[in-house]
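K.L.:
File final-v9.txt below, compact mmCIF, C-alpha atoms:
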```
# COMPACT_ATOMS: atom_id res chain seq x y z
CA MET A 1 23.69 -25.87 -22.22
CA GLU A 2 23.87 -24.87 -18.56
CA LEU A 3 24.77 -21.31 -19.57
CA MET A 4 21.73 -21.23 -21.87
CA HIS A 5 19.42 -22.34 -19.06
CA THR A 6 20.96 -19.77 -16.73
CA ALA A 7 20.41 -17.02 -19.30
CA GLN A 8 16.80 -18.13 -19.79
CA ARG A 9 16.13 -18.07 -16.06
CA ARG A 10 17.71 -14.61 -15.83
CA ASP A 11 15.57 -13.33 -18.68
CA ARG A 12 12.41 -14.75 -17.12
CA GLY A 13 13.37 -13.13 -13.82
CA LEU A 14 13.87 -9.77 -15.50
CA LEU A 15 10.52 -10.02 -17.30
CA LEU A 16 8.77 -10.88 -14.04
CA THR A 17 10.47 -7.99 -12.24
CA ALA A 18 9.41 -5.63 -15.03
CA ALA A 19 5.81 -6.86 -14.75
CA ILE A 20 5.91 -6.35 -10.97
CA VAL A 21 7.25 -2.80 -11.36
CA LEU A 22 4.61 -1.86 -13.94
CA ALA A 23 1.82 -3.21 -11.75
CA ALA A 24 3.21 -1.43 -8.68
CA LEU A 25 3.34 1.88 -10.56
CA ALA A 26 -0.39 1.51 -11.28
CA LEU A 27 -1.48 0.85 -7.67
CA ARG A 28 -1.52 4.40 -6.30
CA PRO A 29 -2.12 7.14 -8.94
CA ALA A 30 -5.85 6.40 -9.34
CA ILE A 31 -6.30 7.32 -5.66
CA VAL A 32 -3.59 9.92 -5.13
CA ALA A 33 -4.56 12.01 -8.18
CA ILE A 34 -7.97 12.87 -6.70
CA GLY A 35 -6.60 15.11 -3.93
CA PRO A 36 -4.71 17.64 -6.10
CA LEU A 37 -7.75 17.95 -8.40
CA ALA A 38 -10.33 18.28 -5.60
CA THR A 39 -10.91 22.01 -6.11
CA GLU A 40 -11.37 21.65 -9.87
CA ILE A 41 -13.74 18.71 -9.41
CA GLN A 42 -15.80 20.67 -6.89
CA GLN A 43 -16.00 23.78 -9.08
CA ASP A 44 -16.99 21.81 -12.18
CA THR A 45 -19.47 19.37 -10.65
CA GLY A 46 -20.85 21.35 -7.73
CA LEU A 47 -20.10 18.55 -5.29
CA GLY A 48 -20.39 19.61 -1.67
CA VAL A 49 -17.64 19.14 0.86
CA THR A 50 -19.29 16.00 2.22
CA MET A 51 -19.57 14.31 -1.17
CA LEU A 52 -16.04 15.35 -2.09
CA GLY A 53 -14.82 13.87 1.18
CA LEU A 54 -16.69 10.68 0.34
CA LEU A 55 -14.85 10.53 -2.98
CA THR A 56 -11.54 10.42 -1.12
CA THR A 57 -12.76 8.04 1.61
CA VAL A 58 -14.41 5.46 -0.67
CA PRO A 59 -11.06 4.17 -2.03
CA LEU A 60 -9.79 3.44 1.47
CA LEU A 61 -12.98 1.56 2.35
CA CYS A 62 -12.67 -0.45 -0.88
CA LEU A 63 -9.04 -1.29 -0.11
CA GLY A 64 -10.22 -2.75 3.18
CA LEU A 65 -13.43 -4.47 2.11
CA VAL A 66 -12.08 -6.10 -1.07
CA ALA A 67 -8.62 -7.14 0.15
CA SER A 68 -9.78 -10.29 1.94
CA GLY A 69 -11.27 -11.65 -1.30
CA ALA A 70 -7.98 -11.45 -3.20
CA ALA A 71 -6.68 -14.77 -1.86
CA PHE A 72 -9.93 -16.50 -2.92
CA LEU A 73 -9.50 -15.11 -6.42
CA SER A 74 -5.89 -16.29 -6.58
CA GLU A 75 -6.72 -19.78 -5.36
CA HIS A 76 -9.38 -20.30 -8.02
CA LEU A 77 -7.81 -18.57 -11.02
CA GLY A 78 -4.09 -18.64 -10.29
CA ILE A 79 -2.05 -15.71 -9.05
CA ASP A 80 -1.07 -14.42 -12.51
CA ARG A 81 -4.65 -14.29 -13.77
CA ALA A 82 -5.78 -12.65 -10.55
CA VAL A 83 -3.14 -9.91 -10.89
CA LEU A 84 -4.19 -9.45 -14.53
CA ILE A 85 -7.79 -8.92 -13.39
CA ALA A 86 -6.56 -6.44 -10.77
CA VAL A 87 -4.71 -4.17 -13.18
CA GLY A 88 -7.55 -4.55 -15.68
CA LEU A 89 -10.05 -3.30 -13.10
CA ILE A 90 -7.81 -0.30 -12.38
CA ALA A 91 -7.73 0.61 -16.07
CA VAL A 92 -11.49 0.12 -16.54
CA GLY A 93 -12.31 2.14 -13.42
CA ILE A 94 -10.13 5.04 -14.55
CA VAL A 95 -11.81 5.06 -18.00
CA MET A 96 -15.23 5.09 -16.33
CA ARG A 97 -14.29 8.33 -14.55
CA LEU A 98 -13.60 9.93 -17.92
CA LEU A 99 -17.30 9.68 -18.88
CA ALA A 100 -19.68 12.55 -18.22
CA PRO A 101 -22.37 11.17 -15.86
CA LEU A 102 -21.35 12.13 -12.34
CA PRO A 103 -22.31 8.77 -10.76
CA LEU A 104 -19.64 7.15 -12.94
CA LEU A 105 -17.03 9.22 -11.13
CA PHE A 106 -17.89 7.36 -7.95
CA ALA A 107 -18.52 4.00 -9.66
CA GLY A 108 -15.22 4.20 -11.51
CA THR A 109 -13.43 5.02 -8.28
CA VAL A 110 -14.94 1.91 -6.64
CA VAL A 111 -13.91 -0.30 -9.58
CA ALA A 112 -10.36 1.08 -9.69
CA ALA A 113 -9.94 0.86 -5.91
CA SER A 114 -11.16 -2.76 -5.98
CA GLY A 115 -8.44 -3.60 -8.50
CA ILE A 116 -5.89 -1.81 -6.33
CA ALA A 117 -7.01 -3.83 -3.29
CA VAL A 118 -6.45 -7.11 -5.13
CA GLY A 119 -3.07 -5.98 -6.46
CA ASN A 120 -1.97 -4.82 -3.01
CA VAL A 121 -2.49 -8.32 -1.66
CA LEU A 122 -1.35 -10.51 -4.54
CA ILE A 123 1.77 -8.85 -5.90
CA PRO A 124 3.76 -9.46 -2.68
CA ALA A 125 2.38 -13.01 -2.70
CA ALA A 126 3.57 -13.43 -6.30
CA ILE A 127 7.03 -12.25 -5.23
CA LYS A 128 6.97 -14.83 -2.42
CA HIS A 129 6.01 -17.55 -4.91
CA TYR A 130 8.25 -16.73 -7.86
CA ARG A 131 11.23 -15.00 -6.21
CA PRO A 132 11.74 -16.64 -2.78
CA HIS A 133 15.53 -16.52 -3.15
CA ARG A 134 15.45 -12.85 -4.18
CA LEU A 135 12.75 -11.83 -1.75
CA GLY A 136 14.48 -8.82 -0.20
CA ALA A 137 15.71 -7.33 -3.47
CA THR A 138 12.41 -7.85 -5.30
CA MET A 139 10.36 -6.45 -2.41
CA THR A 140 12.63 -3.40 -2.47
CA VAL A 141 11.94 -2.89 -6.17
CA TYR A 142 8.21 -3.34 -5.59
CA SER A 143 8.08 -0.98 -2.61
CA VAL A 144 10.04 1.76 -4.36
CA ALA A 145 7.88 1.47 -7.49
CA LEU A 146 4.72 1.57 -5.38
CA GLN A 147 5.73 4.74 -3.58
CA SER A 148 7.19 6.32 -6.71
CA GLY A 149 3.85 5.97 -8.48
CA ALA A 150 2.17 7.83 -5.62
CA ALA A 151 4.81 10.56 -5.50
CA VAL A 152 4.77 11.17 -9.26
CA ALA A 153 0.97 11.28 -9.36
CA ALA A 154 0.87 13.81 -6.53
CA ALA A 155 3.53 15.97 -8.16
CA VAL A 156 2.54 16.07 -11.84
CA THR A 157 -1.22 15.48 -12.07
CA VAL A 158 -2.16 19.17 -11.90
CA PRO A 159 0.74 20.81 -13.81
CA LEU A 160 0.79 18.19 -16.56
CA GLY A 161 -2.97 18.29 -16.96
CA ARG A 162 -2.91 22.08 -17.24
CA THR A 163 -0.01 22.08 -19.68
CA VAL A 164 -1.72 19.64 -22.02
CA GLY A 165 -5.19 21.11 -21.39
CA LEU A 166 -6.77 17.86 -20.26
CA GLY A 167 -9.17 19.19 -17.65
CA TRP A 168 -9.73 17.32 -14.42
CA ARG A 169 -11.31 14.29 -16.11
CA GLY A 170 -8.42 13.93 -18.55
CA SER A 171 -5.92 14.47 -15.75
CA LEU A 172 -7.48 11.58 -13.84
CA ALA A 173 -7.75 9.43 -16.96
CA MET A 174 -4.08 9.71 -17.96
CA TRP A 175 -3.22 7.46 -15.02
CA GLY A 176 -4.99 4.63 -16.81
CA LEU A 177 -1.92 4.32 -19.05
CA PRO A 178 0.31 2.65 -16.40
CA ALA A 179 -2.51 0.21 -15.66
CA ALA A 180 -2.95 -0.59 -19.37
CA VAL A 181 0.78 -1.22 -19.80
CA ALA A 182 0.79 -3.41 -16.69
CA PHE A 183 -2.14 -5.37 -18.13
CA LEU A 184 -0.13 -6.09 -21.28
CA ALA A 185 2.87 -7.14 -19.19
CA TRP A 186 0.85 -9.68 -17.16
CA LEU A 187 -1.23 -10.96 -20.10
CA PRO A 188 1.34 -13.52 -21.38
CA ARG A 189 1.78 -14.89 -17.86
CA ALA A 190 -1.98 -15.19 -17.38
CA VAL A 191 -2.48 -16.91 -20.73
CA ARG A 192 -0.02 -19.63 -19.71
CA GLY A 193 -2.22 -20.37 -16.70
CA PRO A 194 -1.15 -21.39 -13.18
CA SER A 195 2.46 -22.46 -12.79
CA ALA A 196 3.28 -26.14 -12.44
CA ASP A 197 4.70 -25.61 -8.98
CA SER A 198 1.64 -23.92 -7.56
CA ASP A 199 1.01 -24.39 -3.87
CA SER A 200 -1.55 -27.18 -4.13
CA ALA A 201 -0.70 -28.57 -0.71
CA ALA A 202 -1.19 -25.19 0.90
CA LYS A 203 -4.49 -24.73 -0.88
CA ALA A 204 -5.70 -28.09 0.37
CA GLU A 205 -5.49 -26.87 3.95
CA ALA A 206 -5.97 -23.11 4.00
CA VAL A 207 -4.66 -21.10 6.91
CA PRO A 208 -7.52 -19.55 8.98
CA VAL A 209 -5.72 -16.24 9.42
CA TRP A 210 -8.72 -14.50 11.00
CA ARG A 211 -8.28 -16.67 14.10
CA THR A 212 -4.59 -15.93 14.63
CA ARG A 213 -2.89 -13.35 16.83
CA LEU A 214 -0.29 -12.81 14.15
CA GLY A 215 -2.95 -11.88 11.59
CA TRP A 216 -4.55 -9.30 13.87
CA SER A 217 -1.16 -7.89 14.84
CA ALA A 218 -0.24 -7.52 11.17
CA GLY A 219 -3.55 -5.76 10.48
CA LEU A 220 -3.03 -3.28 13.30
CA PHE A 221 0.57 -2.64 12.27
CA ILE A 222 -0.19 -1.66 8.68
CA GLY A 223 -3.50 -0.04 9.68
CA LEU A 224 -2.07 2.33 12.27
CA GLN A 225 0.88 3.15 10.01
CA SER A 226 -1.48 3.94 7.14
CA GLY A 227 -3.82 5.87 9.44
CA ILE A 228 -0.99 8.21 10.44
CA TYR A 229 0.06 8.61 6.80
CA PHE A 230 -3.42 9.36 5.46
CA ALA A 231 -4.07 11.80 8.30
CA LEU A 232 -0.89 13.67 7.36
CA ALA A 233 -1.71 13.50 3.64
CA ALA A 234 -5.13 15.01 4.30
CA TRP A 235 -4.22 17.67 6.87
CA LEU A 236 -0.49 18.48 6.83
CA PRO A 237 -0.84 21.31 4.27
CA THR A 238 -3.73 22.81 6.27
CA LEU A 239 -1.75 22.52 9.51
CA LEU A 240 1.18 24.36 7.95
CA THR A 241 -0.90 27.10 6.31
CA ASP A 242 -2.80 27.63 9.57
CA ASN A 243 0.61 28.34 11.13
CA GLY A 244 1.51 30.94 8.50
CA MET A 245 3.18 28.96 5.73
CA THR A 246 2.22 29.65 2.12
CA ALA A 247 0.13 27.10 0.26
CA ASP A 248 2.94 26.40 -2.22
CA ALA A 249 5.46 25.79 0.56
CA ALA A 250 3.00 23.55 2.40
CA GLY A 251 2.47 21.51 -0.75
CA TYR A 252 6.22 21.17 -1.17
CA ALA A 253 6.50 19.91 2.40
CA LEU A 254 3.87 17.25 1.70
CA SER A 255 5.75 16.16 -1.42
CA LEU A 256 8.84 15.64 0.75
CA VAL A 257 6.91 13.04 2.75
CA GLY A 258 6.52 10.98 -0.41
CA LEU A 259 10.09 11.48 -1.62
CA ALA A 260 11.60 10.55 1.74
CA GLY A 261 9.33 7.49 1.80
CA ILE A 262 10.90 6.28 -1.43
CA ALA A 263 14.37 6.66 0.07
CA SER A 264 13.54 4.69 3.22
CA GLY A 265 11.82 1.99 1.17
CA LEU A 266 15.13 1.05 -0.45
CA PRO A 267 17.03 -0.65 2.41
CA ILE A 268 14.18 -1.92 4.61
CA PRO A 269 13.13 -5.10 2.72
CA VAL A 270 16.72 -6.28 2.24
CA LEU A 271 17.53 -5.65 5.90
CA ALA A 272 14.33 -7.31 7.08
CA VAL A 273 14.99 -10.49 5.10
CA ARG A 274 18.49 -10.79 6.59
CA MET A 275 17.25 -10.41 10.18
CA ARG A 276 15.78 -13.20 12.29
CA ARG A 277 13.87 -10.59 14.30
CA GLN A 278 12.90 -7.20 12.88
CA HIS A 279 12.29 -5.39 16.19
CA SER A 280 15.00 -2.80 15.55
CA LEU A 281 13.34 -1.78 12.28
CA VAL A 282 10.00 -1.38 14.06
CA PHE A 283 11.63 0.86 16.67
CA ALA A 284 13.37 2.91 13.95
CA VAL A 285 10.07 3.54 12.18
CA THR A 286 8.40 4.50 15.47
CA ALA A 287 11.24 6.90 16.27
CA ALA A 288 10.93 8.60 12.89
CA PHE A 289 7.18 9.08 13.32
CA GLY A 290 7.65 10.31 16.88
CA ILE A 291 10.35 12.85 16.04
CA GLY A 292 8.41 14.20 13.08
CA LEU A 293 5.14 14.54 14.97
CA LEU A 294 6.80 16.18 17.99
CA GLY A 295 8.50 18.59 15.62
CA LEU A 296 5.13 19.66 14.21
CA VAL A 297 4.05 20.58 17.75
CA ILE A 298 7.25 22.40 18.74
CA ALA A 299 8.14 24.23 15.50
CA PRO A 300 5.53 23.50 12.83
CA THR A 301 6.74 25.98 10.21
CA GLY A 302 10.34 26.68 11.21
CA GLY A 303 11.30 23.03 10.77
CA ALA A 304 8.51 21.95 8.44
CA LEU A 305 10.77 20.56 5.72
CA LEU A 306 12.83 18.61 8.25
CA TRP A 307 9.74 17.18 9.97
CA ALA A 308 8.19 16.25 6.62
CA THR A 309 11.36 14.43 5.64
CA VAL A 310 11.56 12.51 8.93
CA LEU A 311 7.85 11.62 8.74
CA GLY A 312 8.39 10.40 5.19
CA LEU A 313 11.20 8.15 6.35
CA GLY A 314 8.83 6.66 8.93
CA GLN A 315 5.97 6.29 6.49
CA GLY A 316 8.00 4.68 3.70
CA GLY A 317 9.95 2.49 6.08
CA GLY A 318 6.79 1.38 7.86
CA LEU A 319 4.98 0.47 4.65
CA SER A 320 7.97 -1.41 3.21
CA LEU A 321 8.47 -3.27 6.47
CA ALA A 322 4.80 -4.25 6.72
CA LEU A 323 4.65 -5.58 3.16
CA THR A 324 7.88 -7.53 3.63
CA LEU A 325 6.74 -9.03 6.93
CA PHE A 326 3.61 -10.37 5.23
CA THR A 327 5.87 -12.53 3.06
CA LEU A 328 8.31 -13.45 5.84
CA ARG A 329 5.62 -14.61 8.25
CA ALA A 330 4.18 -17.15 5.77
CA ARG A 331 5.68 -20.40 4.50
CA ASP A 332 4.15 -20.19 1.02
CA ALA A 333 2.53 -17.77 -1.40
CA ASP A 334 -1.01 -18.91 -0.61
CA SER A 335 -0.55 -18.26 3.11
CA ALA A 336 1.16 -14.94 2.34
CA ALA A 337 -1.85 -13.89 0.26
CA ARG A 338 -4.25 -14.85 3.04
CA LEU A 339 -2.23 -13.03 5.69
CA SER A 340 -1.83 -9.96 3.49
CA GLY A 341 -5.52 -9.95 2.58
CA MET A 342 -6.66 -10.18 6.19
CA ALA A 343 -4.11 -7.61 7.40
CA GLN A 344 -5.01 -5.11 4.69
CA THR A 345 -8.73 -5.60 5.28
CA VAL A 346 -8.28 -4.71 8.94
CA GLY A 347 -5.57 -2.17 8.16
CA TYR A 348 -7.31 0.01 5.62
CA LEU A 349 -10.58 0.04 7.54
CA VAL A 350 -8.57 1.29 10.53
CA ALA A 351 -6.63 3.71 8.30
CA ALA A 352 -9.84 5.29 7.02
CA LEU A 353 -10.40 6.61 10.54
CA GLY A 354 -7.10 8.56 10.52
CA PRO A 355 -8.14 11.60 8.47
CA LEU A 356 -11.57 11.65 10.13
CA ALA A 357 -10.12 11.59 13.64
CA ALA A 358 -7.57 14.30 12.87
CA GLY A 359 -10.19 16.56 11.31
CA TRP A 360 -12.70 15.97 14.10
CA THR A 361 -10.25 16.73 16.90
CA ASN A 362 -9.09 19.86 15.06
CA ALA A 363 -12.67 21.09 14.73
CA LEU A 364 -13.34 20.28 18.38
CA THR A 365 -10.25 22.00 19.80
CA GLY A 366 -9.65 24.71 17.20
CA GLY A 367 -5.99 23.80 16.79
CA TRP A 368 -3.57 21.09 15.74
CA THR A 369 -1.82 20.22 18.99
CA VAL A 370 -4.43 17.74 20.18
CA PRO A 371 -4.68 15.93 16.80
CA ILE A 372 -0.89 15.52 16.76
CA VAL A 373 -0.91 14.26 20.36
CA VAL A 374 -3.55 11.70 19.35
CA LEU A 375 -1.30 10.50 16.51
CA LEU A 376 1.59 10.28 18.96
CA ALA A 377 -0.54 8.13 21.27
CA VAL A 378 -1.25 5.79 18.35
CA LEU A 379 2.47 4.97 18.22
CA ALA A 380 2.18 2.82 21.36
CA PRO A 381 -0.18 0.18 19.91
CA PHE A 382 1.57 0.55 16.55
CA THR A 383 4.90 -0.41 18.11
CA ALA A 384 3.37 -3.27 20.10
CA ALA A 385 1.75 -4.70 16.98
CA GLY A 386 4.98 -4.34 15.02
CA VAL A 387 7.02 -6.14 17.66
CA ALA A 388 4.49 -8.99 17.61
CA VAL A 389 4.76 -9.35 13.82
CA ALA A 390 8.57 -9.10 13.99
CA GLN A 391 8.78 -12.34 16.01
CA PRO A 392 10.45 -15.17 14.01
CA ARG A 393 7.41 -17.38 13.44
CA TYR A 394 5.04 -18.41 10.66
CA ILE A 395 1.31 -17.97 10.57
CA ASN A 396 1.07 -21.61 9.40
CA ASP A 397 2.71 -22.75 12.66
CA GLU A 398 0.33 -20.72 14.81
CA THR A 399 -2.56 -22.50 13.14
CA THR A 400 -0.94 -25.90 13.82
CA GLU A 401 -0.43 -25.01 17.50
CA ARG A 402 -4.09 -24.00 17.82
CA LYS A 403 -5.17 -27.37 16.43
CA LYS A 404 -2.94 -29.26 18.87
CA THR A 405 -4.35 -27.42 21.87
CA SER A 406 -8.00 -27.63 20.76
```
Please re-express this file's structure in structure tokens.

P.N.:
Amino acid sequence: MELMHTAQRRDRGLLLTAAIVLAALALRPAIVAIGPLATEIQQDTGLGVTMLGLLTTVPLLCLGLVASGAAFLSEHLGIDRAVLIAVGLIAVGIVMRLLAPLPLLFAGTVVAASGIAVGNVLIPAAIKHYRPHRLGATMTVYSVALQSGAAVAAAVTVPLGRTVGLGWRGSLAMWGLPAAVAFLAWLPRAVRGPSADSDSAAKAEAVPVWRTRLGWSAGLFIGLQSGIYFALAAWLPTLLTDNGMTADAAGYALSLVGLAGIASGLPIPVLAVRMRRQHSLVFAVTAAFGIGLLGLVIAPTGGALLWATVLGLGQGGGLSLALTLFTLRARDADSAARLSGMAQTVGYLVAALGPLAAGWTNALTGGWTVPIVVLLAVLAPFTAAGVAVAQPRYINDETTERKKTS
């Protein structure tokens, strides 16, 4: 009988892990696929540079503005139903972009990005709730799947769409399939309703994360990391071509950032869970960013592939570490969702400034040295915020301390 129960628990764990992977794979392609198709979209629709830029900026703003509402949704519907709604919104938003009226391209992007924002917050919280004893391993699986979805979308959207003859709308729409499959995977869990061991005590006294130093530090940590990444994603190919590299080679260098990010996402969550303090991981991520950025100043084309790889290690490691710390700095899934929602609200609104700042300083100075120096300067507050989040404490305890001193 005991063996039967063990097998049942193992099977349930595998089904949950599969559902997490499928949802993670759906969280990036709807955004990432826009960039490679930008030229085709512009030629077909006549969108100006400003409107096209808005199409790529809107998702980041949605990720920030909607994230803080994810915990509210989870508390009232249950975490499984909230995740189901998230992946459903992604699928619906992607289908909306398939339709002809141009406003639906923007509306569908908002809907899909809203679903992504909710999923970003709640899937790590679900891991905290359902897999607390397998936190490191499950966060590793989630992080790798998340970054793999982005890397695959960046690599195959254009060639696959051209091979099949989908056009830019069809090429965007094909990424609705992972979201649809994820919806089906979460549907049985959502139908069962909230689990019997839901965090009712935590819900009775919600953590006011917006009034905590830890919450703001977490927001700055993921925000500055994402700001550097999105600045590189937007401008690294241009930087390299401006220095004499071919467009194909520059695109390959950018793809290395994503591939290296997958590699660094493998060990970070497991290591972080085993450490009482994660300062060394913060310093390792900072070092990777610093080396890569300095390399772009010293030898932008001669060492481009090396710098792209090192930057990818920093980007993937930083994202995996941030997501894992959101779960480690909370005592329960509800608090983890609140911390993650607040941090990603702050973070993605900060991150949206990254591409804008890099482009503005390039236009102002006529080169790429100053923009890279600005990104290097960002590493100081990034490291300080990371060290603060790496302290062995819980956001719940910070709230209790504030009440005692008030």

K.L.:
Counting only C-alpha atoms, which residue out of A:Met139, A:Val297, A:Ile85, A:Val118 sits closest to Trp368 of chain A?

P.N.:
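Counting only C-alpha atoms, the residue closest to Trp368 of chain A is A:Val297.
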
K.L.:
Quick one: residues within 12 Å of Ala231 of chain A, only C-alpha atoms, excluding same-chain residues fewer than 6 positions away - as a PDB file with C-alpha atoms, in the coordinates of the input?

P.N.:
```pdb
ATOM      1  CA  THR A  57     -12.760   8.040   1.610  1.00  0.00           C
ATOM      2  CA  GLY A 223      -3.500  -0.040   9.680  1.00  0.00           C
ATOM      3  CA  LEU A 224      -2.070   2.330  12.270  1.00  0.00           C
ATOM      4  CA  GLN A 225       0.880   3.150  10.010  1.00  0.00           C
ATOM      5  CA  PRO A 237      -0.840  21.310   4.270  1.00  0.00           C
ATOM      6  CA  THR A 238      -3.730  22.810   6.270  1.00  0.00           C
ATOM      7  CA  LEU A 239      -1.750  22.520   9.510  1.00  0.00           C
ATOM      8  CA  LEU A 254       3.870  17.250   1.700  1.00  0.00           C
ATOM      9  CA  LEU A 293       5.140  14.540  14.970  1.00  0.00           C
ATOM     10  CA  LEU A 311       7.850  11.620   8.740  1.00  0.00           C
ATOM     11  CA  GLN A 315       5.970   6.290   6.490  1.00  0.00           C
ATOM     12  CA  VAL A 350      -8.570   1.290  10.530  1.00  0.00           C
ATOM     13  CA  ALA A 351      -6.630   3.710   8.300  1.00  0.00           C
ATOM     14  CA  ALA A 352      -9.840   5.290   7.020  1.00  0.00           C
ATOM     15  CA  LEU A 353     -10.400   6.610  10.540  1.00  0.00           C
ATOM     16  CA  GLY A 354      -7.100   8.560  10.520  1.00  0.00           C
ATOM     17  CA  PRO A 355      -8.140  11.600   8.470  1.00  0.00           C
ATOM     18  CA  LEU A 356     -11.570  11.650  10.130  1.00  0.00           C
ATOM     19  CA  ALA A 357     -10.120  11.590  13.640  1.00  0.00           C
ATOM     20  CA  ALA A 358      -7.570  14.300  12.870  1.00  0.00           C
ATOM     21  CA  GLY A 359     -10.190  16.560  11.310  1.00  0.00           C
ATOM     22  CA  TRP A 360     -12.700  15.970  14.100  1.00  0.00           C
ATOM     23  CA  THR A 361     -10.250  16.730  16.900  1.00  0.00           C
ATOM     24  CA  ASN A 362      -9.090  19.860  15.060  1.00  0.00           C
ATOM     25  CA  TRP A 368      -3.570  21.090  15.740  1.00  0.00           C
ATOM     26  CA  PRO A 371      -4.680  15.930  16.800  1.00  0.00           C
ATOM     27  CA  ILE A 372      -0.890  15.520  16.760  1.00  0.00           C
ATOM     28  CA  VAL A 374      -3.550  11.700  19.350  1.00  0.00           C
ATOM     29  CA  LEU A 375      -1.300  10.500  16.510  1.00  0.00           C
TER      30      LEU A 375
END
```

K.L.:
May I have the protein, DNA and RNA residues with an atom at most 12 Å from (-13.8, 15.2, 1.0), counting only C-alpha atoms in the file's coordinates, returned as a PyMOL selection string?

P.N.:
chain A and resi 34-39+41-42+47-59+234-235+355-356+359

K.L.:
Can you list every residue of segment 27-96 of chain A that has an atom at most 12 Å from segment 10-21 of chain A, with its nearest atom pair and the distance in Å to one decimal, using only C-alpha atoms, ordered by chain then number, as a tab-separated table?

P.N.:
```
residue	atom	partner	partner_atom	distance
A:Leu27	CA	A:Val21	CA	10.2
A:Asp80	CA	A:Ala19	CA	10.5
A:Val83	CA	A:Ile20	CA	9.7
A:Leu84	CA	A:Ala19	CA	10.3
A:Val87	CA	A:Ala19	CA	11.0
```

K.L.:
In Å, with one decimal, what is the gap from atom CA of Gly292 of chain A to atom CA of Ala390 of chain A?

P.N.:
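Going from atom CA of Gly292 of chain A over to atom CA of Ala390 of chain A covers 23.3 Å.
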
K.L.:
Which value, in Å to one decimal, gives the distance between atom CA of Ala113 of chain A and atom CA of Gly341 of chain A?

P.N.:
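Computed distance, atom CA of Ala113 of chain A to atom CA of Gly341 of chain A, equals 14.4 Å.
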
K.L.:
Taking all atoms listed in the file into account, which of A:Thr163, A:Thr246, A:Arg393, A:Ala336 comes nearest Lys128 of chain A?

P.N.:
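That would be A:Ala336, the residue with the smallest distance to Lys128 of chain A.
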
K.L.:
Can you pull out every residue within 8 Å of Ala107 of chain A, counting all atoms listed in the file, but drop anything in the same chain fewer than 5 positions away, and send it as an MDAnalysis selection string?

P.N.:
chainID A and resid 93 96:97

K.L.:
Please indicate the distance in Å from atom CA of Pro103 of chain A to atom CA of Ala67 of chain A, rounded to one decimal place.

P.N.:
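Interatomic distance, atom CA of Pro103 of chain A to atom CA of Ala67 of chain A: 23.7 Å.
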
K.L.:
Of the candidates A:Ala100, A:Leu240, A:Ala30, A:Val141, which shows the shortest atom-to-atom distance to Gly367 of chain A, using only C-alpha atoms?

P.N.:
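Among the listed residues, A:Leu240 lies closest to Gly367 of chain A.
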
K.L.:
Between A:Gly258, A:Gly251, A:Pro132, A:Gly244, single out the one closest to Thr301 of chain A, counting only C-alpha atoms.

P.N.:
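For Thr301 of chain A, the nearest of the candidates is A:Gly244.
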
K.L.:
Pick from A:Leu177, A:Gly302, A:Pro124, A:Leu313: nearest to Met245 of chain A, with all atoms listed in the file counted?

P.N.:
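Residue with the minimum atom-to-atom distance to Met245 of chain A: A:Gly302.
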
K.L.:
Check the smallest atom-to-atom distance from each of A:Ala247, A:Ala70, A:Asn396, A:Ala117 to Val209 of chain A using only C-alpha atoms, then report the winner.

P.N.:
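Closest to Val209 of chain A of all the choices is A:Asn396.
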
K.L.:
So which residues touch Ile116 of chain A within 8 Å, counting all atoms listed in the file, skipping near sequence neighbours fewer than 4 positions away, as an MDAnalysis selection string?

P.N.:
chainID A and resid 27:28 63 86:87 90 112 120

K.L.:
Generate a file of the selected residues that holds C-alpha atoms, formatted as a tab-separated table (two decimals), keeping the file's coordinate frame.

P.N.:
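For reference, result-v3.tsv as written:
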```
chain	number	residue	atom	x	y	z
A	27	LEU	CA	-1.48	0.85	-7.67
A	28	ARG	CA	-1.52	4.40	-6.30
A	63	LEU	CA	-9.04	-1.29	-0.11
A	86	ALA	CA	-6.56	-6.44	-10.77
A	87	VAL	CA	-4.71	-4.17	-13.18
A	90	ILE	CA	-7.81	-0.30	-12.38
A	112	ALA	CA	-10.36	1.08	-9.69
A	120	ASN	CA	-1.97	-4.82	-3.01
```

K.L.:
What's the 8 Å shell around segment 289-291 of chain A, counting all atoms listed in the file, without same-chain residues fewer than 4 positions away, as a count of residues only?

P.N.:
9

K.L.:
Can you tell me which residues surround Pro381 of chain A at a distance of at most 9 Å, considering only C-alpha atoms, apart from same-chain residues fewer than 3 positions away, and format the answer as a compact mmCIF listing (two decimals) with C-alpha atoms, in the frame of the given file?

P.N.:
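So selection.txt came out as:
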```txt
# COMPACT_ATOMS: atom_id res chain seq x y z
CA LEU A 220 -3.03 -3.28 13.30
CA PHE A 221 0.57 -2.64 12.27
CA LEU A 224 -2.07 2.33 12.27
CA ALA A 377 -0.54 8.13 21.27
CA VAL A 378 -1.25 5.79 18.35
CA ALA A 384 3.37 -3.27 20.10
CA ALA A 385 1.75 -4.70 16.98
CA GLY A 386 4.98 -4.34 15.02
```
